[in-house]
$ cat structure34.cif   # mmCIF, C-alpha atoms and all ligand atoms
data_final
#
loop_
_atom_site.group_PDB
_atom_site.id
_atom_site.type_symbol
_atom_site.label_atom_id
_atom_site.label_comp_id
_atom_site.auth_asym_id
_atom_site.auth_seq_id
_atom_site.Cartn_x
_atom_site.Cartn_y
_atom_site.Cartn_z
ATOM 1 C CA MET X 117 36.602 150.660 86.554
ATOM 2 C CA SER X 118 40.127 150.294 87.791
ATOM 3 C CA LYS X 119 43.083 151.291 85.630
ATOM 4 C CA LYS X 120 44.182 147.668 85.559
ATOM 5 C CA ILE X 121 40.917 146.473 84.086
ATOM 6 C CA ILE X 122 40.930 149.260 81.507
ATOM 7 C CA SER X 123 44.454 148.470 80.358
ATOM 8 C CA ALA X 124 43.700 144.748 80.218
ATOM 9 C CA PHE X 125 40.683 145.572 78.103
ATOM 10 C CA LEU X 126 42.740 147.774 75.771
ATOM 11 C CA LEU X 127 45.361 145.099 75.441
ATOM 12 C CA ALA X 128 42.706 142.534 74.527
ATOM 13 C CA LEU X 129 41.360 144.927 71.889
ATOM 14 C CA LEU X 130 44.832 145.388 70.430
ATOM 15 C CA VAL X 131 45.449 141.652 70.234
ATOM 16 C CA LEU X 132 42.106 141.211 68.511
ATOM 17 C CA ALA X 133 42.842 144.002 66.022
ATOM 18 C CA LEU X 134 46.197 142.466 65.150
ATOM 19 C CA ALA X 135 44.673 139.033 64.741
ATOM 20 C CA VAL X 136 42.003 140.159 62.295
ATOM 21 C CA SER X 137 44.379 142.246 60.183
ATOM 22 C CA GLY X 138 46.161 139.036 59.174
ATOM 23 C CA CYS X 139 49.495 140.733 59.285
ATOM 24 C CA GLY X 140 49.894 141.180 63.000
ATOM 25 C CA GLN X 141 51.491 137.885 63.854
ATOM 26 C CA GLN X 142 54.710 136.652 62.370
ATOM 27 C CA THR X 143 53.524 133.133 63.083
ATOM 28 C CA SER X 144 50.304 133.497 61.107
ATOM 29 C CA GLN X 145 50.265 132.459 57.446
ATOM 30 C CA ALA X 146 50.338 136.067 56.314
ATOM 31 C CA PRO X 147 53.544 137.543 57.721
ATOM 32 C CA LYS X 148 53.979 141.227 58.517
ATOM 33 C CA THR X 149 56.298 141.688 55.592
ATOM 34 C CA ILE X 150 55.366 139.808 52.473
ATOM 35 C CA LYS X 151 58.391 138.839 50.436
ATOM 36 C CA ILE X 152 57.649 139.402 46.775
ATOM 37 C CA GLY X 153 59.786 137.711 44.130
ATOM 38 C CA THR X 154 60.079 139.259 40.694
ATOM 39 C CA GLU X 155 62.394 139.433 37.687
ATOM 40 C CA ALA X 156 62.913 143.099 37.099
ATOM 41 C CA THR X 157 63.776 143.438 33.402
ATOM 42 C CA PHE X 158 60.183 143.468 32.268
ATOM 43 C CA PRO X 159 58.977 147.051 31.861
ATOM 44 C CA PRO X 160 56.352 148.408 32.342
ATOM 45 C CA PHE X 161 55.503 145.583 34.799
ATOM 46 C CA GLU X 162 58.764 145.450 36.768
ATOM 47 C CA PHE X 163 62.075 147.154 36.222
ATOM 48 C CA GLN X 164 64.736 149.063 38.060
ATOM 49 C CA ASP X 165 64.507 152.834 38.028
ATOM 50 C CA ASP X 166 67.728 154.136 36.412
ATOM 51 C CA LYS X 167 68.262 156.843 38.990
ATOM 52 C CA THR X 168 66.894 155.556 42.267
ATOM 53 C CA LYS X 169 67.670 151.861 41.549
ATOM 54 C CA GLU X 170 64.314 151.040 43.091
ATOM 55 C CA TYR X 171 62.032 148.418 41.611
ATOM 56 C CA VAL X 172 59.109 150.104 39.898
ATOM 57 C CA GLY X 173 56.292 149.179 37.538
ATOM 58 C CA PHE X 174 52.678 148.110 37.355
ATOM 59 C CA ASP X 175 53.183 144.840 39.255
ATOM 60 C CA ILE X 176 55.248 146.555 41.929
ATOM 61 C CA ASP X 177 52.573 149.195 42.541
ATOM 62 C CA LEU X 178 49.921 146.498 42.472
ATOM 63 C CA VAL X 179 51.552 144.271 45.088
ATOM 64 C CA LYS X 180 52.329 147.269 47.265
ATOM 65 C CA ALA X 181 48.660 148.298 47.117
ATOM 66 C CA ILE X 182 47.569 144.735 47.905
ATOM 67 C CA ALA X 183 50.017 144.508 50.814
ATOM 68 C CA LYS X 184 48.818 147.848 52.158
ATOM 69 C CA GLN X 185 45.227 146.698 51.912
ATOM 70 C CA MET X 186 46.231 143.678 54.015
ATOM 71 C CA GLY X 187 48.091 145.830 56.531
ATOM 72 C CA CYS X 188 51.466 144.422 55.425
ATOM 73 C CA GLU X 189 54.653 145.712 53.887
ATOM 74 C CA ALA X 190 55.903 144.361 50.565
ATOM 75 C CA GLU X 191 59.593 143.582 50.268
ATOM 76 C CA ILE X 192 60.716 143.108 46.666
ATOM 77 C CA VAL X 193 63.495 140.743 45.621
ATOM 78 C CA SER X 194 64.563 140.187 42.022
ATOM 79 C CA MET X 195 65.939 136.935 40.630
ATOM 80 C CA GLY X 196 66.015 134.928 37.399
ATOM 81 C CA PHE X 197 62.537 134.318 35.996
ATOM 82 C CA ASP X 198 63.145 130.577 35.908
ATOM 83 C CA GLY X 199 64.144 130.664 39.593
ATOM 84 C CA LEU X 200 60.882 132.185 40.822
ATOM 85 C CA VAL X 201 58.708 129.061 41.070
ATOM 86 C CA PRO X 202 61.476 127.039 42.810
ATOM 87 C CA ALA X 203 62.008 129.948 45.247
ATOM 88 C CA LEU X 204 58.292 130.013 46.030
ATOM 89 C CA GLU X 205 58.216 126.252 46.528
ATOM 90 C CA ALA X 206 61.212 126.509 48.861
ATOM 91 C CA GLN X 207 59.371 129.297 50.748
ATOM 92 C CA GLN X 208 62.174 131.789 50.171
ATOM 93 C CA ILE X 209 59.517 134.166 48.881
ATOM 94 C CA ASP X 210 55.801 134.436 49.699
ATOM 95 C CA VAL X 211 54.445 135.710 46.391
ATOM 96 C CA ILE X 212 55.564 135.951 42.758
ATOM 97 C CA ALA X 213 54.639 139.182 40.989
ATOM 98 C CA ALA X 214 56.381 138.970 37.647
ATOM 99 C CA GLY X 215 53.884 139.334 34.826
ATOM 100 C CA MET X 216 53.535 135.603 35.220
ATOM 101 C CA SER X 217 50.973 134.049 32.927
ATOM 102 C CA ILE X 218 48.562 131.590 34.466
ATOM 103 C CA THR X 219 49.262 128.266 32.759
ATOM 104 C CA PRO X 220 48.054 124.739 33.603
ATOM 105 C CA GLU X 221 51.673 123.532 34.030
ATOM 106 C CA ARG X 222 52.497 126.241 36.540
ATOM 107 C CA ALA X 223 49.163 125.809 38.303
ATOM 108 C CA GLU X 224 50.278 122.302 39.237
ATOM 109 C CA LYS X 225 53.072 123.782 41.315
ATOM 110 C CA VAL X 226 51.726 127.103 42.579
ATOM 111 C CA ALA X 227 48.410 128.666 43.522
ATOM 112 C CA PHE X 228 47.471 131.577 41.292
ATOM 113 C CA SER X 229 45.496 134.581 42.457
ATOM 114 C CA ASP X 230 42.547 135.771 40.432
ATOM 115 C CA PRO X 231 43.784 137.182 37.108
ATOM 116 C CA TYR X 232 44.897 140.815 37.230
ATOM 117 C CA TYR X 233 45.978 141.640 33.672
ATOM 118 C CA LYS X 234 45.150 140.361 30.177
ATOM 119 C CA SER X 235 48.220 139.834 28.026
ATOM 120 C CA GLY X 236 49.452 137.892 24.995
ATOM 121 C CA LEU X 237 52.556 137.308 22.899
ATOM 122 C CA SER X 238 53.765 139.272 19.915
ATOM 123 C CA ILE X 239 56.789 139.514 17.632
ATOM 124 C CA VAL X 240 59.390 142.276 17.254
ATOM 125 C CA VAL X 241 61.675 142.333 14.205
ATOM 126 C CA LYS X 242 64.150 144.813 12.720
ATOM 127 C CA ASN X 243 62.575 147.690 10.762
ATOM 128 C CA SER X 244 64.437 146.456 7.691
ATOM 129 C CA ASP X 245 62.902 142.962 7.859
ATOM 130 C CA THR X 246 60.394 142.171 5.141
ATOM 131 C CA THR X 247 60.215 138.385 5.557
ATOM 132 C CA ILE X 248 58.430 138.056 8.911
ATOM 133 C CA LYS X 249 54.789 139.114 9.057
ATOM 134 C CA SER X 250 53.279 136.510 11.348
ATOM 135 C CA PHE X 251 54.099 133.626 13.694
ATOM 136 C CA LYS X 252 54.163 131.180 10.803
ATOM 137 C CA ASP X 253 56.910 133.215 9.089
ATOM 138 C CA LEU X 254 59.164 132.454 12.074
ATOM 139 C CA GLU X 255 59.909 128.980 10.729
ATOM 140 C CA GLY X 256 63.627 128.480 10.302
ATOM 141 C CA LYS X 257 64.444 131.861 11.895
ATOM 142 C CA ARG X 258 66.706 132.736 14.811
ATOM 143 C CA LEU X 259 64.557 133.722 17.793
ATOM 144 C CA ALA X 260 65.538 135.502 21.010
ATOM 145 C CA VAL X 261 63.384 134.951 24.107
ATOM 146 C CA GLN X 262 63.577 135.172 27.880
ATOM 147 C CA ILE X 263 64.301 131.912 29.663
ATOM 148 C CA GLY X 264 61.369 130.128 31.311
ATOM 149 C CA THR X 265 58.686 132.302 29.734
ATOM 150 C CA THR X 266 55.605 131.458 27.703
ATOM 151 C CA GLY X 267 57.339 133.290 24.829
ATOM 152 C CA ALA X 268 60.181 130.762 25.043
ATOM 153 C CA GLU X 269 57.690 127.867 25.062
ATOM 154 C CA GLU X 270 55.903 129.215 22.016
ATOM 155 C CA ALA X 271 59.155 129.838 20.140
ATOM 156 C CA LYS X 272 60.237 126.246 20.751
ATOM 157 C CA LYS X 273 57.098 125.005 18.990
ATOM 158 C CA ILE X 274 58.094 126.722 15.754
ATOM 159 C CA ALA X 275 59.475 124.285 13.191
ATOM 160 C CA SER X 276 63.222 124.472 12.561
ATOM 161 C CA ALA X 277 63.620 127.783 14.375
ATOM 162 C CA THR X 278 66.771 128.328 16.448
ATOM 163 C CA VAL X 279 65.761 129.556 19.890
ATOM 164 C CA ARG X 280 68.218 131.404 22.116
ATOM 165 C CA GLU X 281 67.104 131.945 25.682
ATOM 166 C CA PHE X 282 68.356 134.962 27.603
ATOM 167 C CA ASN X 283 68.300 135.651 31.315
ATOM 168 C CA SER X 284 66.635 139.010 30.880
ATOM 169 C CA SER X 285 64.175 140.310 28.352
ATOM 170 C CA SER X 286 66.476 143.311 27.714
ATOM 171 C CA ASP X 287 69.195 140.894 26.564
ATOM 172 C CA ALA X 288 66.764 139.331 24.090
ATOM 173 C CA TYR X 289 66.110 142.739 22.494
ATOM 174 C CA MET X 290 69.842 143.454 22.445
ATOM 175 C CA GLU X 291 70.413 140.258 20.484
ATOM 176 C CA LEU X 292 67.920 141.437 17.877
ATOM 177 C CA VAL X 293 69.517 144.867 17.600
ATOM 178 C CA SER X 294 73.014 143.439 17.297
ATOM 179 C CA GLY X 295 71.879 141.134 14.484
ATOM 180 C CA GLY X 296 72.233 137.867 16.403
ATOM 181 C CA ALA X 297 68.496 137.125 16.122
ATOM 182 C CA ASP X 298 65.786 137.715 13.512
ATOM 183 C CA ALA X 299 62.937 138.173 15.991
ATOM 184 C CA VAL X 300 62.033 138.496 19.660
ATOM 185 C CA VAL X 301 58.957 136.684 20.953
ATOM 186 C CA ASN X 302 57.801 138.347 24.151
ATOM 187 C CA ASP X 303 54.700 139.586 25.950
ATOM 188 C CA HIS X 304 52.890 142.126 23.806
ATOM 189 C CA PRO X 305 52.691 144.990 26.345
ATOM 190 C CA VAL X 306 56.419 144.601 27.030
ATOM 191 C CA ASN X 307 57.207 144.661 23.306
ATOM 192 C CA GLN X 308 55.052 147.753 22.919
ATOM 193 C CA TYR X 309 56.750 149.499 25.812
ATOM 194 C CA TYR X 310 60.187 148.634 24.440
ATOM 195 C CA LEU X 311 59.335 150.200 21.077
ATOM 196 C CA VAL X 312 57.781 153.322 22.591
ATOM 197 C CA GLN X 313 60.817 153.803 24.846
ATOM 198 C CA GLY X 314 63.162 154.111 21.859
ATOM 199 C CA GLY X 315 63.304 150.610 20.396
ATOM 200 C CA SER X 316 61.237 151.748 17.395
ATOM 201 C CA LYS X 317 64.367 153.412 15.971
ATOM 202 C CA GLU X 318 65.537 149.944 14.948
ATOM 203 C CA SER X 319 62.592 147.626 15.412
ATOM 204 C CA LYS X 320 58.877 147.153 14.820
ATOM 205 C CA LEU X 321 55.951 144.928 15.800
ATOM 206 C CA VAL X 322 54.592 142.487 13.243
ATOM 207 C CA GLY X 323 51.655 140.105 13.134
ATOM 208 C CA ASP X 324 48.788 139.458 15.474
ATOM 209 C CA ILE X 325 48.850 139.010 19.207
ATOM 210 C CA LEU X 326 48.985 135.336 20.020
ATOM 211 C CA ASN X 327 47.365 133.379 22.875
ATOM 212 C CA SER X 328 45.556 135.627 25.203
ATOM 213 C CA GLU X 329 47.214 135.079 28.565
ATOM 214 C CA ASP X 330 46.185 136.186 32.026
ATOM 215 C CA TYR X 331 48.703 137.334 34.579
ATOM 216 C CA GLY X 332 48.270 136.109 38.124
ATOM 217 C CA LEU X 333 50.199 136.453 41.352
ATOM 218 C CA ALA X 334 51.588 133.106 42.466
ATOM 219 C CA ILE X 335 51.437 131.882 46.055
ATOM 220 C CA ASN X 336 52.728 128.703 47.677
ATOM 221 C CA LYS X 337 49.985 126.070 47.478
ATOM 222 C CA LYS X 338 50.282 125.392 51.198
ATOM 223 C CA ASN X 339 49.559 129.008 52.027
ATOM 224 C CA THR X 340 45.814 129.022 51.369
ATOM 225 C CA GLU X 341 45.226 131.761 53.918
ATOM 226 C CA LEU X 342 47.562 134.126 52.070
ATOM 227 C CA SER X 343 45.915 133.272 48.733
ATOM 228 C CA GLN X 344 42.501 134.140 50.112
ATOM 229 C CA LYS X 345 43.740 137.398 51.625
ATOM 230 C CA ILE X 346 45.434 138.406 48.402
ATOM 231 C CA ASN X 347 42.299 137.742 46.371
ATOM 232 C CA ALA X 348 40.198 139.691 48.849
ATOM 233 C CA ALA X 349 42.649 142.616 48.746
ATOM 234 C CA LEU X 350 42.791 142.507 44.931
ATOM 235 C CA ALA X 351 38.993 142.585 44.741
ATOM 236 C CA GLU X 352 38.934 145.501 47.161
ATOM 237 C CA ILE X 353 41.465 147.638 45.268
ATOM 238 C CA LYS X 354 39.566 146.921 42.046
ATOM 239 C CA LYS X 355 36.424 148.167 43.747
ATOM 240 C CA ASN X 356 37.867 151.232 45.422
ATOM 241 C CA GLY X 357 39.597 152.653 42.347
ATOM 242 C CA GLU X 358 43.188 151.971 43.430
ATOM 243 C CA TYR X 359 43.703 149.376 40.675
ATOM 244 C CA ASP X 360 42.413 151.835 38.037
ATOM 245 C CA LYS X 361 44.809 154.492 39.273
ATOM 246 C CA ILE X 362 47.771 152.152 38.951
ATOM 247 C CA TYR X 363 46.585 151.010 35.530
ATOM 248 C CA GLN X 364 46.314 154.566 34.286
ATOM 249 C CA LYS X 365 49.716 155.462 35.681
ATOM 250 C CA TRP X 366 51.420 152.736 33.621
ATOM 251 C CA PHE X 367 49.177 152.333 30.600
ATOM 252 C CA GLY X 368 47.576 155.742 30.383
ATOM 253 C CA ALA X 369 44.183 154.310 29.529
ATOM 254 C CA LYS X 370 41.121 153.000 31.269
ATOM 255 C CA VAL X 371 40.790 149.280 31.953
ATOM 256 C CA GLN X 372 38.550 147.844 29.236
HETATM 257 N N1 LIG X 401 54.128 136.299 30.814
HETATM 258 C C1 LIG X 401 55.262 135.525 30.473
HETATM 259 C C2 LIG X 401 55.315 134.252 31.274
HETATM 260 O O1 LIG X 401 54.632 134.086 32.213
HETATM 261 C C3 LIG X 401 56.569 136.284 30.655
HETATM 262 C C4 LIG X 401 56.809 136.816 32.011
HETATM 263 C C5 LIG X 401 58.196 137.371 32.204
HETATM 264 N N2 LIG X 401 58.264 138.144 33.395
HETATM 265 C C6 LIG X 401 59.348 138.774 33.845
HETATM 266 N N3 LIG X 401 59.245 139.472 34.930
HETATM 267 N N4 LIG X 401 60.467 138.717 33.194
HETATM 268 O O2 LIG X 401 56.055 133.385 30.982
#
$ encode --input "structure34.cif" --output "structure tokens"
Amino acid sequence: MSKKIISAFLLALLVLALAVSGCGQQTSQAPKTIKIGTEATFPPFEFQDDKTKEYVGFDIDLVKAIAKQMGCEAEIVSMGFDGLVPALEAQQIDVIAAGMSITPERAEKVAFSDPYYKSGLSIVVKNSDTTIKSFKDLEGKRLAVQIGTTGAEEAKKIASATVREFNSSSDAYMELVSGGADAVVNDHPVNQYYLVQGGSKESKLVGDILNSEDYGLAINKKNTELSQKINAALAEIKKNGEYDKIYQKWFGAKVQ
């Protein structure tokens, strides 16, 4: 075989390999770098490392593992939680990874991946509080929540409660500590993490966990190819133990 034929053959192989990886062509629906939108005040799912200033957390590790499985790079951008769906619709980002609960309202606008984490809402109050023991005790109280979240939606359903919406979930906790709110309604694992990380000096969890919610990654509805690839990659990292590793790193326990 001549050198020319061999190199043509190798080139054809390369093109084929790139095509099947799904990340080889910028023009394909799954670009080489997937732009991931998040809102990084939501530890342990997404937050900024104090020292390195990098975005870290369960969701960040998860999307990086998914991207790697697809042969792509993940680029993380952080923005307001309520800006994520509009940014996805405007194709400024390819995927939302933000502890976003799968809800019927959101599913009208975005395509959700298969669920990747089971969550729910809970309440944090000051240690000194003796009046709030459940969601029904929130009536007439001042509630701090993060804007655009399921916690905010739930708080708004509570009769005669005053709901203040903050841009970050850290600001909602700060409002509680400073006495501007009687309770924070937020995702249970985030409340738990906040208390374990030092919040328990002033605050505590009360009541049951409300509404079991599933987190999903959100993808533009038009990008069905990317949705399929993400689900395939998610299934693969669940099978090969990568998901379990990430889960243990952030939650220290086995997936039930
Ligand atoms: N799970 C809740 C929701 O979907 C809260 C998510 C907040 N996420 C964040 N990164 N701040 O509304």
$ residues_near_ligand --input "structure34.cif" --ligand "ligand LIG 401 (chain X)" --cutoff "8 Å" --atoms "all atoms listed in the file" --output "PyMOL selection string"
chain X and resi 154-158+161-162+196-197+213-219+235-236+262+264-268+284-285+302-303+329+331
$ axis_aligned_box --input "structure34.cif" --around "region 332-348 of chain X" --padding-each-side "4 Å" --output "lines of an AutoDock Vina configuration file"
center_x = 46.5
center_y = 132.5
center_z = 46.0
size_x = 20.5
size_y = 22.3
size_z = 23.8
$ residues_around --input "structure34.cif" --residues "Ile362 (chain X)" --least-positions-apart "5" --cutoff "8 Å" --atoms "all atoms listed in the file" --output "count of residues only"
3
$ resolve_selection --input "structure34.cif" --expression "the PyMOL selection byres (((chain X and resi 354) around 12) and not hetatm)" --output "PyMOL selection string"
chain X and resi 178+181-182+185+230-233+347-353+355-363+371
$ residues_around --input "structure34.cif" --residues "Val300 (chain X)" --least-positions-apart "4" --cutoff "10 Å" --atoms "all atoms listed in the file" --output "ChimeraX atom specification"
/X:238-242,258-262,267-268,271,279-280,285,288-292,307,321
$ write_last_selection --input "structure34.cif" --atoms "C-alpha atoms" --output "PDB file, in the frame of the given file"
ATOM      1  CA  SER X 238      53.765 139.272  19.915  1.00  0.00           C
ATOM      2  CA  ILE X 239      56.789 139.514  17.632  1.00  0.00           C
ATOM      3  CA  VAL X 240      59.390 142.276  17.254  1.00  0.00           C
ATOM      4  CA  VAL X 241      61.675 142.333  14.205  1.00  0.00           C
ATOM      5  CA  LYS X 242      64.150 144.813  12.720  1.00  0.00           C
ATOM      6  CA  ARG X 258      66.706 132.736  14.811  1.00  0.00           C
ATOM      7  CA  LEU X 259      64.557 133.722  17.793  1.00  0.00           C
ATOM      8  CA  ALA X 260      65.538 135.502  21.010  1.00  0.00           C
ATOM      9  CA  VAL X 261      63.384 134.951  24.107  1.00  0.00           C
ATOM     10  CA  GLN X 262      63.577 135.172  27.880  1.00  0.00           C
ATOM     11  CA  GLY X 267      57.339 133.290  24.829  1.00  0.00           C
ATOM     12  CA  ALA X 268      60.181 130.762  25.043  1.00  0.00           C
ATOM     13  CA  ALA X 271      59.155 129.838  20.140  1.00  0.00           C
ATOM     14  CA  VAL X 279      65.761 129.556  19.890  1.00  0.00           C
ATOM     15  CA  ARG X 280      68.218 131.404  22.116  1.00  0.00           C
ATOM     16  CA  SER X 285      64.175 140.310  28.352  1.00  0.00           C
ATOM     17  CA  ALA X 288      66.764 139.331  24.090  1.00  0.00           C
ATOM     18  CA  TYR X 289      66.110 142.739  22.494  1.00  0.00           C
ATOM     19  CA  MET X 290      69.842 143.454  22.445  1.00  0.00           C
ATOM     20  CA  GLU X 291      70.413 140.258  20.484  1.00  0.00           C
ATOM     21  CA  LEU X 292      67.920 141.437  17.877  1.00  0.00           C
ATOM     22  CA  ASN X 307      57.207 144.661  23.306  1.00  0.00           C
ATOM     23  CA  LEU X 321      55.951 144.928  15.800  1.00  0.00           C
TER      24      LEU X 321
END
$ build_atoms --input "structure34.cif" --residues "region 295-304 of chain X" --atoms "all heavy atoms" --output "PDB file, in the frame of the given file"
ATOM      1  N   GLY X 295      71.907 141.983  15.681  1.00  0.00           N
ATOM      2  CA  GLY X 295      71.879 141.134  14.484  1.00  0.00           C
ATOM      3  C   GLY X 295      72.028 139.655  14.769  1.00  0.00           C
ATOM      4  O   GLY X 295      72.064 138.838  13.851  1.00  0.00           O
ATOM      5  N   GLY X 296      72.091 139.276  16.056  1.00  0.00           N
ATOM      6  CA  GLY X 296      72.233 137.867  16.403  1.00  0.00           C
ATOM      7  C   GLY X 296      70.930 137.082  16.329  1.00  0.00           C
ATOM      8  O   GLY X 296      70.921 135.863  16.411  1.00  0.00           O
ATOM      9  N   ALA X 297      69.800 137.801  16.215  1.00  0.00           N
ATOM     10  CA  ALA X 297      68.496 137.125  16.122  1.00  0.00           C
ATOM     11  C   ALA X 297      67.646 137.840  15.076  1.00  0.00           C
ATOM     12  O   ALA X 297      67.861 139.034  14.802  1.00  0.00           O
ATOM     13  CB  ALA X 297      67.794 137.146  17.474  1.00  0.00           C
ATOM     14  N   ASP X 298      66.677 137.106  14.507  1.00  0.00           N
ATOM     15  CA  ASP X 298      65.786 137.715  13.512  1.00  0.00           C
ATOM     16  C   ASP X 298      64.518 138.264  14.161  1.00  0.00           C
ATOM     17  O   ASP X 298      63.853 139.121  13.590  1.00  0.00           O
ATOM     18  CB  ASP X 298      65.363 136.661  12.472  1.00  0.00           C
ATOM     19  CG  ASP X 298      66.570 136.001  11.830  1.00  0.00           C
ATOM     20  OD1 ASP X 298      67.461 136.732  11.366  1.00  0.00           O
ATOM     21  OD2 ASP X 298      66.633 134.751  11.834  1.00  0.00           O
ATOM     22  N   ALA X 299      64.174 137.728  15.339  1.00  0.00           N
ATOM     23  CA  ALA X 299      62.937 138.173  15.991  1.00  0.00           C
ATOM     24  C   ALA X 299      62.989 137.916  17.491  1.00  0.00           C
ATOM     25  O   ALA X 299      63.690 137.011  17.947  1.00  0.00           O
ATOM     26  CB  ALA X 299      61.740 137.443  15.391  1.00  0.00           C
ATOM     27  N   VAL X 300      62.233 138.735  18.223  1.00  0.00           N
ATOM     28  CA  VAL X 300      62.033 138.496  19.660  1.00  0.00           C
ATOM     29  C   VAL X 300      60.571 138.111  19.841  1.00  0.00           C
ATOM     30  O   VAL X 300      59.681 138.762  19.283  1.00  0.00           O
ATOM     31  CB  VAL X 300      62.340 139.774  20.485  1.00  0.00           C
ATOM     32  CG1 VAL X 300      61.874 139.618  21.929  1.00  0.00           C
ATOM     33  CG2 VAL X 300      63.825 140.110  20.439  1.00  0.00           C
ATOM     34  N   VAL X 301      60.332 137.037  20.587  1.00  0.00           N
ATOM     35  CA  VAL X 301      58.957 136.684  20.953  1.00  0.00           C
ATOM     36  C   VAL X 301      58.816 136.990  22.444  1.00  0.00           C
ATOM     37  O   VAL X 301      59.528 136.418  23.264  1.00  0.00           O
ATOM     38  CB  VAL X 301      58.666 135.178  20.693  1.00  0.00           C
ATOM     39  CG1 VAL X 301      57.236 134.831  21.115  1.00  0.00           C
ATOM     40  CG2 VAL X 301      58.906 134.832  19.224  1.00  0.00           C
ATOM     41  N   ASN X 302      57.947 137.935  22.749  1.00  0.00           N
ATOM     42  CA  ASN X 302      57.801 138.347  24.151  1.00  0.00           C
ATOM     43  C   ASN X 302      56.371 138.823  24.379  1.00  0.00           C
ATOM     44  O   ASN X 302      55.585 138.950  23.443  1.00  0.00           O
ATOM     45  CB  ASN X 302      58.813 139.458  24.462  1.00  0.00           C
ATOM     46  CG  ASN X 302      59.084 139.624  25.955  1.00  0.00           C
ATOM     47  OD1 ASN X 302      58.576 138.875  26.783  1.00  0.00           O
ATOM     48  ND2 ASN X 302      59.871 140.624  26.302  1.00  0.00           N
ATOM     49  N   ASP X 303      56.045 139.123  25.634  1.00  0.00           N
ATOM     50  CA  ASP X 303      54.700 139.586  25.950  1.00  0.00           C
ATOM     51  C   ASP X 303      54.414 140.903  25.216  1.00  0.00           C
ATOM     52  O   ASP X 303      55.251 141.812  25.213  1.00  0.00           O
ATOM     53  CB  ASP X 303      54.538 139.773  27.461  1.00  0.00           C
ATOM     54  CG  ASP X 303      54.571 138.436  28.196  1.00  0.00           C
ATOM     55  OD1 ASP X 303      55.294 137.527  27.732  1.00  0.00           O
ATOM     56  OD2 ASP X 303      53.906 138.301  29.228  1.00  0.00           O
ATOM     57  N   HIS X 304      53.229 140.976  24.644  1.00  0.00           N
ATOM     58  CA  HIS X 304      52.890 142.126  23.806  1.00  0.00           C
ATOM     59  C   HIS X 304      53.054 143.488  24.501  1.00  0.00           C
ATOM     60  O   HIS X 304      53.662 144.393  23.938  1.00  0.00           O
ATOM     61  CB  HIS X 304      51.475 141.952  23.252  1.00  0.00           C
ATOM     62  CG  HIS X 304      51.064 143.045  22.341  1.00  0.00           C
ATOM     63  ND1 HIS X 304      51.766 143.356  21.185  1.00  0.00           N
ATOM     64  CD2 HIS X 304      50.064 143.956  22.428  1.00  0.00           C
ATOM     65  CE1 HIS X 304      51.183 144.394  20.602  1.00  0.00           C
ATOM     66  NE2 HIS X 304      50.158 144.771  21.331  1.00  0.00           N
TER      67      HIS X 304
END
